[in-house]
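*Asks:* Coordinates in query17.cif, mmCIF, C-alpha atoms, are listed below.
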data_my_file
loop_
_atom_site.group_PDB
_atom_site.id
_atom_site.type_symbol
_atom_site.label_atom_id
_atom_site.label_comp_id
_atom_site.auth_asym_id
_atom_site.auth_seq_id
_atom_site.Cartn_x
_atom_site.Cartn_y
_atom_site.Cartn_z
ATOM 1 C CA MET A 969 26.424 -14.721 46.332
ATOM 2 C CA THR A 970 24.290 -12.447 44.189
ATOM 3 C CA LEU A 971 27.331 -10.762 42.610
ATOM 4 C CA LEU A 972 28.428 -13.965 40.878
ATOM 5 C CA ALA A 973 24.933 -14.710 39.652
ATOM 6 C CA ALA A 974 24.858 -11.508 37.583
ATOM 7 C CA PRO A 975 24.193 -12.367 33.922
ATOM 8 C CA ALA A 976 26.999 -12.031 31.350
ATOM 9 C CA LEU A 977 27.087 -8.745 29.483
ATOM 10 C CA PRO A 978 26.266 -8.925 25.763
ATOM 11 C CA LEU A 979 29.235 -8.484 23.393
ATOM 12 C CA HIS A 980 28.502 -4.842 22.487
ATOM 13 C CA LYS A 981 28.478 -3.879 26.188
ATOM 14 C CA ALA A 982 31.408 -6.087 27.253
ATOM 15 C CA GLY A 983 33.649 -4.972 24.362
ATOM 16 C CA PRO A 984 34.531 -1.515 25.740
ATOM 17 C CA TYR A 985 35.463 -2.974 29.145
ATOM 18 C CA VAL A 986 37.764 -5.583 27.578
ATOM 19 C CA ALA A 987 39.273 -2.935 25.278
ATOM 20 C CA ALA A 988 39.777 -0.595 28.259
ATOM 21 C CA ALA A 989 41.602 -3.306 30.267
ATOM 22 C CA TYR A 990 43.985 -4.118 27.411
ATOM 23 C CA ILE A 991 44.538 -0.422 26.597
ATOM 24 C CA VAL A 992 45.431 0.257 30.269
ATOM 25 C CA PHE A 993 47.951 -2.590 30.123
ATOM 26 C CA LEU A 994 49.512 -1.361 26.870
ATOM 27 C CA LEU A 995 49.587 2.272 28.050
ATOM 28 C CA LEU A 996 51.372 1.266 31.269
ATOM 29 C CA VAL A 997 54.035 -0.611 29.308
ATOM 30 C CA ILE A 998 54.443 2.127 26.669
ATOM 31 C CA ALA A 999 54.635 4.904 29.300
ATOM 32 C CA TYR A 1000 57.243 2.988 31.284
ATOM 33 C CA VAL A 1001 59.380 2.156 28.244
ATOM 34 C CA ALA A 1002 59.141 5.806 27.073
ATOM 35 C CA ILE A 1003 60.328 7.107 30.474
ATOM 36 C CA ILE A 1004 63.257 4.648 30.538
ATOM 37 C CA ALA A 1005 64.099 5.508 26.905
ATOM 38 C CA VAL A 1006 64.254 9.260 27.681
ATOM 39 C CA ARG A 1007 66.437 8.678 30.749
ATOM 40 C CA THR A 1008 68.758 6.266 28.942
ATOM 41 C CA SER A 1009 69.209 8.591 25.954
ATOM 42 C CA ARG A 1010 70.033 11.444 28.363
ATOM 43 C CA THR A 1011 72.677 9.264 30.042
ATOM 44 C CA GLU A 1012 74.122 8.260 26.650
ATOM 45 C CA ARG A 1013 74.234 11.919 25.566
ATOM 46 C CA GLN A 1014 76.078 12.866 28.765
ATOM 47 C CA LEU A 1015 78.490 9.991 28.214
ATOM 48 C CA ASP A 1016 79.191 11.254 24.669
ATOM 49 C CA GLU A 1017 79.824 14.775 26.023
ATOM 50 C CA LEU A 1018 82.186 13.327 28.594
ATOM 51 C CA GLU A 1019 84.095 11.412 25.914
ATOM 52 C CA ARG A 1020 84.398 14.625 23.861
ATOM 53 C CA ASP A 1021 85.694 16.498 26.927
ATOM 54 C CA VAL A 1022 88.250 13.779 27.624
ATOM 55 C CA LYS A 1023 89.473 13.831 23.996
ATOM 56 C CA ALA A 1024 89.734 17.635 24.027
ATOM 57 C CA ARG A 1025 91.755 17.500 27.268
ATOM 58 C CA GLU A 1026 94.059 14.836 25.829
ATOM 59 C CA GLU A 1027 94.692 16.979 22.720
ATOM 60 C CA GLU A 1028 95.345 20.024 24.926
ATOM 61 C CA HIS A 1029 97.863 17.970 26.914
ATOM 62 C CA ARG A 1030 99.590 16.793 23.721
ATOM 63 C CA ASP A 1031 99.840 20.369 22.400
ATOM 64 C CA ASP A 1032 101.342 21.540 25.719
ATOM 65 C CA ARG A 1033 103.893 18.717 25.634
ATOM 66 C CA ASP A 1034 104.824 19.533 22.012
ATOM 67 C CA ARG A 1035 105.273 23.213 22.880
ATOM 68 C CA GLU A 1036 107.524 22.318 25.856
ATOM 69 C CA TYR A 1037 109.558 20.004 23.618
ATOM 70 C CA VAL A 1038 110.063 22.730 20.983
ATOM 71 C CA ALA A 1039 111.017 25.261 23.637
ATOM 72 C CA MET B 3 68.518 3.455 24.668
ATOM 73 C CA LEU B 4 69.699 1.799 21.457
ATOM 74 C CA SER B 5 73.100 0.894 22.867
ATOM 75 C CA THR B 6 71.353 -0.588 25.916
ATOM 76 C CA LEU B 7 69.198 -2.720 23.600
ATOM 77 C CA LYS B 8 72.333 -3.870 21.764
ATOM 78 C CA ARG B 9 73.193 -6.081 24.727
ATOM 79 C CA PRO B 10 72.511 -9.659 23.504
ATOM 80 C CA SER B 11 70.705 -10.880 26.627
ATOM 81 C CA LEU B 12 68.344 -7.895 26.672
ATOM 82 C CA ARG B 13 67.701 -8.158 22.932
ATOM 83 C CA VAL B 14 66.817 -11.864 23.183
ATOM 84 C CA LEU B 15 64.543 -11.173 26.168
ATOM 85 C CA THR B 16 62.809 -8.326 24.316
ATOM 86 C CA PHE B 17 62.158 -10.418 21.199
ATOM 87 C CA ALA B 18 60.918 -13.359 23.301
ATOM 88 C CA THR B 19 58.593 -11.049 25.267
ATOM 89 C CA VAL B 20 57.108 -9.445 22.154
ATOM 90 C CA ALA B 21 56.607 -12.863 20.503
ATOM 91 C CA VAL B 22 55.001 -14.520 23.545
ATOM 92 C CA ILE B 23 52.736 -11.552 24.374
ATOM 93 C CA GLY B 24 51.709 -11.341 20.705
ATOM 94 C CA ALA B 25 50.898 -15.071 20.771
ATOM 95 C CA ALA B 26 48.993 -14.643 24.057
ATOM 96 C CA PHE B 27 46.851 -11.827 22.608
ATOM 97 C CA ALA B 28 46.157 -13.886 19.471
ATOM 98 C CA LEU B 29 45.167 -16.926 21.548
ATOM 99 C CA THR B 30 42.989 -14.764 23.820
ATOM 100 C CA PHE B 31 40.925 -13.273 21.023
ATOM 101 C CA PHE B 32 41.011 -15.963 18.316
ATOM 102 C CA TYR B 33 41.438 -19.301 20.095
ATOM 103 C CA ALA B 34 40.105 -19.288 23.675
ATOM 104 C CA PRO B 35 36.347 -19.889 23.735
ATOM 105 C CA LEU B 36 33.876 -17.491 25.330
ATOM 106 C CA ASP B 37 33.203 -18.274 28.966
ATOM 107 C CA ALA B 38 29.740 -19.731 29.511
ATOM 108 C CA ASP B 39 29.121 -17.651 32.663
ATOM 109 C CA GLN B 40 30.854 -14.347 32.007
ATOM 110 C CA GLY B 41 30.936 -14.159 28.232
ATOM 111 C CA PHE B 42 33.404 -11.796 26.523
ATOM 112 C CA VAL B 43 34.290 -9.976 29.776
ATOM 113 C CA GLN B 44 36.247 -13.063 30.892
ATOM 114 C CA LYS B 45 38.946 -12.120 28.314
ATOM 115 C CA ILE B 46 40.141 -9.518 30.865
ATOM 116 C CA PHE B 47 41.354 -12.398 33.034
ATOM 117 C CA TYR B 48 44.122 -13.225 30.559
ATOM 118 C CA VAL B 49 45.800 -9.916 31.392
ATOM 119 C CA HIS B 50 44.504 -9.162 34.904
ATOM 120 C CA VAL B 51 45.374 -12.448 36.649
ATOM 121 C CA PRO B 52 48.923 -12.778 35.188
ATOM 122 C CA LEU B 53 49.605 -9.145 36.161
ATOM 123 C CA ALA B 54 48.494 -9.842 39.738
ATOM 124 C CA ILE B 55 50.425 -13.148 39.990
ATOM 125 C CA VAL B 56 53.640 -11.707 38.521
ATOM 126 C CA SER B 57 53.309 -8.664 40.773
ATOM 127 C CA LEU B 58 53.036 -10.799 43.936
ATOM 128 C CA CYS B 59 55.945 -12.991 42.794
ATOM 129 C CA GLY B 60 57.933 -9.802 42.121
ATOM 130 C CA PHE B 61 57.380 -8.597 45.689
ATOM 131 C CA VAL B 62 58.603 -11.959 47.025
ATOM 132 C CA LEU B 63 61.580 -11.847 44.627
ATOM 133 C CA GLY B 64 62.418 -8.363 45.938
ATOM 134 C CA GLY B 65 62.484 -9.823 49.462
ATOM 135 C CA ILE B 66 64.725 -12.727 48.420
ATOM 136 C CA LEU B 67 67.165 -10.364 46.665
ATOM 137 C CA ALA B 68 67.135 -8.176 49.788
ATOM 138 C CA ILE B 69 68.156 -11.220 51.882
ATOM 139 C CA VAL B 70 71.118 -11.738 49.521
ATOM 140 C CA HIS B 71 72.006 -8.044 49.932
ATOM 141 C CA LEU B 72 71.898 -8.285 53.727
ATOM 142 C CA ARG B 73 74.020 -11.460 53.687
ATOM 143 C CA THR B 74 76.659 -10.253 51.222
ATOM 144 C CA GLY B 75 76.567 -6.478 51.751
ATOM 145 C CA ASP B 76 76.971 -6.089 47.981
ATOM 146 C CA ARG B 77 74.999 -3.049 46.755
ATOM 147 C CA LYS B 78 74.216 -4.664 43.401
ATOM 148 C CA TRP B 79 71.672 -6.887 45.195
ATOM 149 C CA ASP B 80 70.024 -3.797 46.684
ATOM 150 C CA LEU B 81 69.691 -2.394 43.163
ATOM 151 C CA ARG B 82 68.132 -5.665 41.969
ATOM 152 C CA SER B 83 65.759 -5.788 44.946
ATOM 153 C CA TYR B 84 64.755 -2.148 44.356
ATOM 154 C CA VAL B 85 64.041 -2.766 40.665
ATOM 155 C CA ALA B 86 62.122 -6.010 41.385
ATOM 156 C CA ILE B 87 59.852 -4.191 43.875
ATOM 157 C CA HIS B 88 59.492 -1.085 41.703
ATOM 158 C CA MET B 89 58.419 -3.171 38.723
ATOM 159 C CA ALA B 90 56.123 -5.380 40.835
ATOM 160 C CA LEU B 91 54.421 -2.223 42.110
ATOM 161 C CA ILE B 92 53.756 -1.040 38.534
ATOM 162 C CA PHE B 93 52.391 -4.484 37.618
ATOM 163 C CA GLY B 94 50.312 -4.438 40.812
ATOM 164 C CA VAL B 95 48.741 -1.103 39.851
ATOM 165 C CA GLY B 96 48.025 -2.607 36.420
ATOM 166 C CA GLY B 97 46.401 -5.606 38.112
ATOM 167 C CA LEU B 98 44.273 -3.348 40.317
ATOM 168 C CA ILE B 99 43.061 -1.192 37.407
ATOM 169 C CA THR B 100 42.267 -4.128 35.100
ATOM 170 C CA GLY B 101 40.582 -5.903 38.036
ATOM 171 C CA ALA B 102 38.426 -2.857 38.745
ATOM 172 C CA ILE B 103 37.405 -2.730 35.075
ATOM 173 C CA TRP B 104 36.464 -6.412 35.198
ATOM 174 C CA ALA B 105 34.538 -5.911 38.470
ATOM 175 C CA LYS B 106 32.550 -3.056 36.960
ATOM 176 C CA ALA B 107 31.658 -5.152 33.908
ATOM 177 C CA SER B 108 30.881 -8.297 35.883
ATOM 178 C CA TRP B 109 29.535 -7.087 39.233
ATOM 179 C CA GLY B 110 28.425 -3.582 38.328
ATOM 180 C CA HIS B 111 30.839 -2.059 40.898
ATOM 181 C CA TRP B 112 34.402 -0.800 40.475
ATOM 182 C CA TRP B 113 35.357 -2.114 43.896
ATOM 183 C CA ILE B 114 33.879 -4.571 46.429
ATOM 184 C CA TRP B 115 35.227 -3.994 49.946
ATOM 185 C CA SER B 116 33.814 -7.293 51.207
ATOM 186 C CA ASP B 117 35.944 -9.393 48.844
ATOM 187 C CA PRO B 118 39.051 -10.594 50.733
ATOM 188 C CA THR B 119 41.101 -11.148 47.545
ATOM 189 C CA LEU B 120 40.631 -7.570 46.321
ATOM 190 C CA VAL B 121 41.240 -5.956 49.693
ATOM 191 C CA SER B 122 44.253 -8.119 50.565
ATOM 192 C CA PHE B 123 45.861 -7.370 47.186
ATOM 193 C CA LEU B 124 45.268 -3.649 47.755
ATOM 194 C CA ILE B 125 46.896 -3.947 51.207
ATOM 195 C CA VAL B 126 49.966 -5.626 49.682
ATOM 196 C CA VAL B 127 50.247 -2.929 46.979
ATOM 197 C CA LEU B 128 49.834 -0.126 49.548
ATOM 198 C CA LEU B 129 52.401 -1.785 51.814
ATOM 199 C CA PHE B 130 54.966 -1.822 49.014
ATOM 200 C CA ALA B 131 53.961 1.694 47.959
ATOM 201 C CA THR B 132 55.629 2.839 51.201
ATOM 202 C CA TYR B 133 58.945 1.291 50.078
ATOM 203 C CA GLN B 134 59.901 4.272 47.899
ATOM 204 C CA PRO B 135 59.108 6.957 50.547
ATOM 205 C CA LEU B 136 61.088 4.874 53.075
ATOM 206 C CA ARG B 137 64.125 4.915 50.798
ATOM 207 C CA PHE B 138 63.633 8.606 50.040
ATOM 208 C CA SER B 139 63.563 9.465 53.753
ATOM 209 C CA ILE B 140 67.101 8.101 54.317
ATOM 210 C CA GLU B 141 69.945 10.152 52.843
ATOM 211 C CA ASP B 142 72.943 7.950 53.659
ATOM 212 C CA PRO B 143 73.123 5.381 50.779
ATOM 213 C CA GLU B 144 74.482 2.572 52.976
ATOM 214 C CA ARG B 145 71.777 2.976 55.612
ATOM 215 C CA GLN B 146 69.140 3.435 52.926
ATOM 216 C CA ALA B 147 70.102 0.127 51.289
ATOM 217 C CA ARG B 148 70.176 -1.740 54.622
ATOM 218 C CA TYR B 149 66.849 -0.414 55.946
ATOM 219 C CA ALA B 150 65.136 -0.911 52.583
ATOM 220 C CA SER B 151 66.357 -4.518 52.487
ATOM 221 C CA VAL B 152 64.985 -5.204 55.963
ATOM 222 C CA PHE B 153 61.646 -3.724 54.886
ATOM 223 C CA ALA B 154 61.662 -5.781 51.654
ATOM 224 C CA VAL B 155 62.309 -9.014 53.574
ATOM 225 C CA VAL B 156 59.524 -8.401 56.129
ATOM 226 C CA ALA B 157 57.007 -7.172 53.538
ATOM 227 C CA GLY B 158 57.999 -9.963 51.123
ATOM 228 C CA ALA B 159 57.333 -12.567 53.822
ATOM 229 C CA PHE B 160 53.890 -11.008 54.328
ATOM 230 C CA VAL B 161 52.869 -11.771 50.712
ATOM 231 C CA PRO B 162 52.635 -15.605 50.919
ATOM 232 C CA LEU B 163 51.104 -15.376 54.405
ATOM 233 C CA ASN B 164 48.485 -13.021 53.054
ATOM 234 C CA PHE B 165 47.860 -15.326 50.076
ATOM 235 C CA ILE B 166 47.340 -18.371 52.329
ATOM 236 C CA ALA B 167 45.038 -16.401 54.661
ATOM 237 C CA VAL B 168 42.862 -15.268 51.765
ATOM 238 C CA ARG B 169 42.686 -18.797 50.323
ATOM 239 C CA ALA B 170 41.651 -20.115 53.726
ATOM 240 C CA ALA B 171 38.951 -17.459 54.110
ATOM 241 C CA GLN B 172 35.354 -18.541 53.701
ATOM 242 C CA GLY B 173 32.604 -16.959 51.650
ATOM 243 C CA LEU B 174 34.699 -16.042 48.619
ATOM 244 C CA VAL B 175 33.074 -14.180 45.764
ATOM 245 C CA HIS B 176 36.250 -13.810 43.703
ATOM 246 C CA PRO B 177 36.382 -16.368 40.865
ATOM 247 C CA ARG B 178 39.208 -18.935 41.225
ATOM 248 C CA VAL B 179 41.088 -19.347 37.971
ATOM 249 C CA LEU B 180 43.760 -21.677 39.312
ATOM 250 C CA THR B 181 43.755 -23.902 42.355
ATOM 251 C CA LEU B 182 46.316 -26.226 43.889
ATOM 252 C CA THR B 183 44.283 -29.218 42.647
ATOM 253 C CA GLY B 184 44.428 -28.128 39.022
ATOM 254 C CA GLY B 185 41.779 -25.440 38.741
ATOM 255 C CA ASN B 186 38.615 -25.475 36.689
ATOM 256 C CA LEU B 187 39.749 -24.126 33.324
ATOM 257 C CA PRO B 188 39.159 -26.143 30.162
ATOM 258 C CA GLY B 189 42.248 -27.050 28.093
ATOM 259 C CA SER B 190 42.088 -24.226 25.536
ATOM 260 C CA MET B 191 41.580 -21.584 28.236
ATOM 261 C CA ARG B 192 44.356 -23.092 30.358
ATOM 262 C CA LEU B 193 46.784 -22.979 27.418
ATOM 263 C CA THR B 194 45.882 -19.340 26.694
ATOM 264 C CA PHE B 195 46.224 -18.431 30.356
ATOM 265 C CA THR B 196 49.604 -20.198 30.640
ATOM 266 C CA ILE B 197 50.978 -18.416 27.558
ATOM 267 C CA SER B 198 49.675 -15.081 28.921
ATOM 268 C CA LEU B 199 51.322 -15.766 32.278
ATOM 269 C CA ILE B 200 54.646 -16.614 30.599
ATOM 270 C CA GLY B 201 54.343 -13.461 28.440
ATOM 271 C CA ILE B 202 53.713 -11.176 31.414
ATOM 272 C CA ALA B 203 56.531 -12.861 33.386
ATOM 273 C CA LEU B 204 58.882 -12.289 30.438
ATOM 274 C CA LEU B 205 57.736 -8.663 30.240
ATOM 275 C CA TYR B 206 58.531 -8.273 33.936
ATOM 276 C CA ALA B 207 62.002 -9.774 33.435
ATOM 277 C CA THR B 208 62.680 -7.591 30.378
ATOM 278 C CA LEU B 209 61.607 -4.350 32.040
ATOM 279 C CA CYS B 210 63.604 -5.235 35.183
ATOM 280 C CA LYS B 211 66.709 -5.871 33.070
ATOM 281 C CA LEU B 212 66.141 -2.631 31.135
ATOM 282 C CA GLU B 213 65.831 -0.600 34.330
ATOM 283 C CA ILE B 214 68.866 -2.258 35.932
ATOM 284 C CA GLU B 215 70.942 -1.479 32.817
ATOM 285 C CA ALA B 216 69.701 2.137 32.818
ATOM 286 C CA LYS B 217 70.504 2.580 36.532
ATOM 287 C CA ARG B 218 73.939 0.956 36.134
ATOM 288 C CA SER B 219 74.726 3.306 33.230
ATOM 289 C CA ARG B 220 73.879 6.325 35.371
ATOM 290 C CA ILE B 221 75.947 5.057 38.299
ATOM 291 C CA ARG B 222 78.896 4.366 35.935
ATOM 292 C CA LEU B 223 78.539 7.801 34.320
ATOM 293 C CA ARG B 224 78.712 9.555 37.681
ATOM 294 C CA ARG B 225 81.729 7.506 38.706
ATOM 295 C CA VAL B 226 83.606 8.240 35.461
ATOM 296 C CA ARG B 227 82.728 11.937 35.621
ATOM 297 C CA ARG B 228 83.982 12.107 39.195
ATOM 298 C CA GLN B 229 87.239 10.348 38.253
ATOM 299 C CA LEU B 230 87.895 12.536 35.231
ATOM 300 C CA LEU B 231 86.595 15.922 36.256
ATOM 301 C CA GLY B 232 86.750 15.760 40.041
ATOM 302 C CA ASP B 233 84.026 15.890 42.697
ATOM 303 C CA ASP B 234 83.158 19.530 41.925
ATOM 304 C CA ALA B 235 82.052 18.668 38.386
ATOM 305 C CA VAL B 236 79.463 16.155 39.647
ATOM 306 C CA ARG B 237 76.216 17.619 40.864
ATOM 307 C CA PRO B 238 75.411 16.316 44.385
ATOM 308 C CA LEU B 239 72.748 13.617 44.256
ATOM 309 C CA GLY B 240 70.684 14.887 47.160
ATOM 310 C CA ARG B 241 67.871 12.674 48.344
ATOM 311 C CA SER B 242 66.943 9.867 46.013
ATOM 312 C CA ALA B 243 64.836 6.742 46.428
ATOM 313 C CA ALA B 244 66.886 4.881 43.815
ATOM 314 C CA PRO B 245 70.159 3.188 44.774
ATOM 315 C CA SER B 246 73.098 5.444 43.913
#
Rewrite the structure from the file as structure tokens, please.
*Replies:*
Amino acid sequence: MTLLAAPALPLHKAGPYVAAAYIVFLLLVIAYVAIIAVRTSRTERQLDELERDVKAREEEHRDDRDREYVA
Amino acid sequence: MLSTLKRPSLRVLTFATVAVIGAAFALTFFYAPLDADQGFVQKIFYVHVPLAIVSLCGFVLGGILAIVHLRTGDRKWDLRSYVAIHMALIFGVGGLITGAIWAKASWGHWWIWSDPTLVSFLIVVLLFATYQPLRFSIEDPERQARYASVFAVVAGAFVPLNFIAVRAAQGLVHPRVLTLTGGNLPGSMRLTFTISLIGIALLYATLCKLEIEAKRSRIRLRRVRRQLLGDDAVRPLGRSAAPS
């Protein structure tokens, strides 16, 4: 087949193609990891907020109980 | 993100992936000799072919995990199948783009429609690209998981059939890096290719694990919020392609 018989590109012409292929690969990985990192940090932030809410509720409960006890 | 990475298994996988991919890149550019036919352009194969192989294996893995889901009814297998297919699709797109770059450098065309390997790989990627819309179109989570698993099994079975059909086809123009009889790579190139393949497979495993952990955290967060604050405090999910 004529396509396979095409001569090899010289280094200065082949270089950009090789660089482009590896950059595409790295960009895909970096973009994916960045998206997952943003989502995971959002989940962790929400979890922290939830923990703060739970603690605040527990303290509120304790205060109410103390007040009832005093009364 | 940091607390997710603190998990020992994920941390070990991440370090192993970075080390093996670093070694693969070093071998590719400093150890593997230039190909006599293709010259420097052949270096693309050390990323393109592993991406394509791992992607196809990922699709099959998604099908196998879907079988386990259908047999057990446990939704954790649906999550694993979803992540395996999602990641394989990303790797498949990577394989297509790097392949097109190689084709342009080697053949002078971005795409050759007469090459069965290229076209069949595109068909497989397009087939699995419909997996997400299928999930998105079904609102009930139970039905979504079941239908998606059936799709994953059927489409996953198509991958090896497609592979065998392409191998059996005549008049190939796509270079064969590996064959069942051992392939035609010299030792140094074979070593580099094997390390690259292991590196990309490890990357696939690491990213799958990372996504599974992220999805599990979200599911757990919603469950805890619902338990503590009641159903009203949790925003309704609405339609989602991801397992919930």
*Asks:* Just want the 12 Å neighbourhood of Tyr1000 (chain A), counted on only C-alpha atoms, with same-chain residues fewer than 5 positions away dropped. Output as a ChimeraX atom specification.
*Replies:* /A:993-995,1005-1007 /B:88-89,92-93,96,205-206,208-210,212-213
*Asks:* Which residues of chain B are close to chain A, meaning at most 6 Å apart when you count only C-alpha atoms, and how do they look as a list in words?
*Replies:* Met3, Gln40, Gly41, Val43, Ile46, Thr100, Trp109 and Ala216 of chain B
*Asks:* What's around region 191-204 of chain B at 7 Å? Count all atoms listed in the file, leave out sequence neighbours fewer than 2 positions away in its own chain, and write the answer as number ranges by chain.
*Replies:* B: 19, 22-23, 26, 29-30, 34, 48-49, 52-53, 56, 187-189, 206-208
*Asks:* Take the residues that were just selected and, keeping C-alpha atoms, output them as a JSON list (two decimals), keeping the file's coordinate frame.
*Replies:*
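Generated file (again_9.json):
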[["chain", "number", "residue", "atom", "x", "y", "z"],
["B", 19, "THR", "CA", 58.59, -11.05, 25.27],
["B", 22, "VAL", "CA", 55.00, -14.52, 23.54],
["B", 23, "ILE", "CA", 52.74, -11.55, 24.37],
["B", 26, "ALA", "CA", 48.99, -14.64, 24.06],
["B", 29, "LEU", "CA", 45.17, -16.93, 21.55],
["B", 30, "THR", "CA", 42.99, -14.76, 23.82],
["B", 34, "ALA", "CA", 40.10, -19.29, 23.68],
["B", 48, "TYR", "CA", 44.12, -13.22, 30.56],
["B", 49, "VAL", "CA", 45.80, -9.92, 31.39],
["B", 52, "PRO", "CA", 48.92, -12.78, 35.19],
["B", 53, "LEU", "CA", 49.60, -9.14, 36.16],
["B", 56, "VAL", "CA", 53.64, -11.71, 38.52],
["B", 187, "LEU", "CA", 39.75, -24.13, 33.32],
["B", 188, "PRO", "CA", 39.16, -26.14, 30.16],
["B", 189, "GLY", "CA", 42.25, -27.05, 28.09],
["B", 206, "TYR", "CA", 58.53, -8.27, 33.94],
["B", 207, "ALA", "CA", 62.00, -9.77, 33.44],
["B", 208, "THR", "CA", 62.68, -7.59, 30.38]]
*Asks:* For His111 (chain B), work out the shell of residues within 12 Å, counting all atoms listed in the file and skipping chain neighbours fewer than 4 positions away, then give it as a PyMOL selection string.
*Replies:* (chain A and resi 971+974) or (chain B and resi 101-107+115-117)
*Asks:* Just so the selection is clear, what residues does the PyMOL selection byres ((chain B and resi 136) around 10) cover here, as a ChimeraX atom specification?
*Replies:* /B:130-135,137-140,146,149-150,153,243
*Asks:* Please identify all polymer residues within 6 Å of region 63-68 of chain B, counting only C-alpha atoms, omitting same-chain residues fewer than 6 positions from it, and present them as a ChimeraX atom specification.
*Replies:* /B:79,83,86-87,151,154-155,158
*Asks:* Output the selection as a PDB file, keeping the file's coordinate frame - C-alpha atoms for each residue.
*Replies:*
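Once written, part20.pdb looks like this:
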ATOM      1  CA  TRP B  79      71.672  -6.887  45.195  1.00  0.00           C
ATOM      2  CA  SER B  83      65.759  -5.788  44.946  1.00  0.00           C
ATOM      3  CA  ALA B  86      62.122  -6.010  41.385  1.00  0.00           C
ATOM      4  CA  ILE B  87      59.852  -4.191  43.875  1.00  0.00           C
ATOM      5  CA  SER B 151      66.357  -4.518  52.487  1.00  0.00           C
ATOM      6  CA  ALA B 154      61.662  -5.781  51.654  1.00  0.00           C
ATOM      7  CA  VAL B 155      62.309  -9.014  53.574  1.00  0.00           C
ATOM      8  CA  GLY B 158      57.999  -9.963  51.123  1.00  0.00           C
TER       9      GLY B 158
END
*Asks:* Rounded to one decimal in Å, what is the spacing between CA of Cys59 (chain B) and CA of Leu15 (chain B)?
*Replies:*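 Going from CA of Cys59 (chain B) over to CA of Leu15 (chain B) covers 18.8 Å.
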*Asks:* For a test of reading the model, state the distance in Å between CA of Leu231 (chain B) and CA of Asp1034 (chain A), rounded to one decimal.
*Replies:*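 Here the two named atoms are 23.4 Å from each other.
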*Asks:* Calculate how many Å separate CA of His50 (chain B) from CA of Val126 (chain B), rounding to one decimal.
*Replies:*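 Straight-line distance from CA of His50 (chain B) to CA of Val126 (chain B) works out to 16.1 Å.
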*Asks:* Please return region 85-96 of chain B, rebuilt to N, CA and C atoms, as a PDB file, in the frame of the given file.
*Replies:*
ATOM      1  N   VAL B  85      64.680  -2.698  41.988  1.00  0.00           N
ATOM      2  CA  VAL B  85      64.041  -2.766  40.665  1.00  0.00           C
ATOM      3  C   VAL B  85      62.920  -3.803  40.669  1.00  0.00           C
ATOM      4  N   ALA B  86      63.149  -4.962  41.329  1.00  0.00           N
ATOM      5  CA  ALA B  86      62.122  -6.010  41.385  1.00  0.00           C
ATOM      6  C   ALA B  86      60.855  -5.474  42.049  1.00  0.00           C
ATOM      7  N   ILE B  87      61.012  -4.718  43.146  1.00  0.00           N
ATOM      8  CA  ILE B  87      59.852  -4.191  43.875  1.00  0.00           C
ATOM      9  C   ILE B  87      59.194  -3.058  43.080  1.00  0.00           C
ATOM     10  N   HIS B  88      60.010  -2.195  42.501  1.00  0.00           N
ATOM     11  CA  HIS B  88      59.492  -1.085  41.703  1.00  0.00           C
ATOM     12  C   HIS B  88      58.623  -1.601  40.554  1.00  0.00           C
ATOM     13  N   MET B  89      59.150  -2.624  39.857  1.00  0.00           N
ATOM     14  CA  MET B  89      58.419  -3.171  38.723  1.00  0.00           C
ATOM     15  C   MET B  89      57.165  -3.909  39.197  1.00  0.00           C
ATOM     16  N   ALA B  90      57.281  -4.655  40.301  1.00  0.00           N
ATOM     17  CA  ALA B  90      56.123  -5.380  40.835  1.00  0.00           C
ATOM     18  C   ALA B  90      55.012  -4.410  41.233  1.00  0.00           C
ATOM     19  N   LEU B  91      55.407  -3.240  41.725  1.00  0.00           N
ATOM     20  CA  LEU B  91      54.421  -2.223  42.110  1.00  0.00           C
ATOM     21  C   LEU B  91      53.662  -1.720  40.872  1.00  0.00           C
ATOM     22  N   ILE B  92      54.402  -1.491  39.786  1.00  0.00           N
ATOM     23  CA  ILE B  92      53.756  -1.040  38.534  1.00  0.00           C
ATOM     24  C   ILE B  92      52.799  -2.126  38.023  1.00  0.00           C
ATOM     25  N   PHE B  93      53.257  -3.379  38.057  1.00  0.00           N
ATOM     26  CA  PHE B  93      52.391  -4.484  37.618  1.00  0.00           C
ATOM     27  C   PHE B  93      51.184  -4.612  38.558  1.00  0.00           C
ATOM     28  N   GLY B  94      51.402  -4.376  39.844  1.00  0.00           N
ATOM     29  CA  GLY B  94      50.312  -4.438  40.812  1.00  0.00           C
ATOM     30  C   GLY B  94      49.249  -3.384  40.535  1.00  0.00           C
ATOM     31  N   VAL B  95      49.696  -2.176  40.203  1.00  0.00           N
ATOM     32  CA  VAL B  95      48.741  -1.103  39.851  1.00  0.00           C
ATOM     33  C   VAL B  95      47.970  -1.509  38.593  1.00  0.00           C
ATOM     34  N   GLY B  96      48.680  -2.107  37.632  1.00  0.00           N
ATOM     35  CA  GLY B  96      48.025  -2.607  36.420  1.00  0.00           C
ATOM     36  C   GLY B  96      46.987  -3.660  36.761  1.00  0.00           C
TER      37      GLY B  96
END
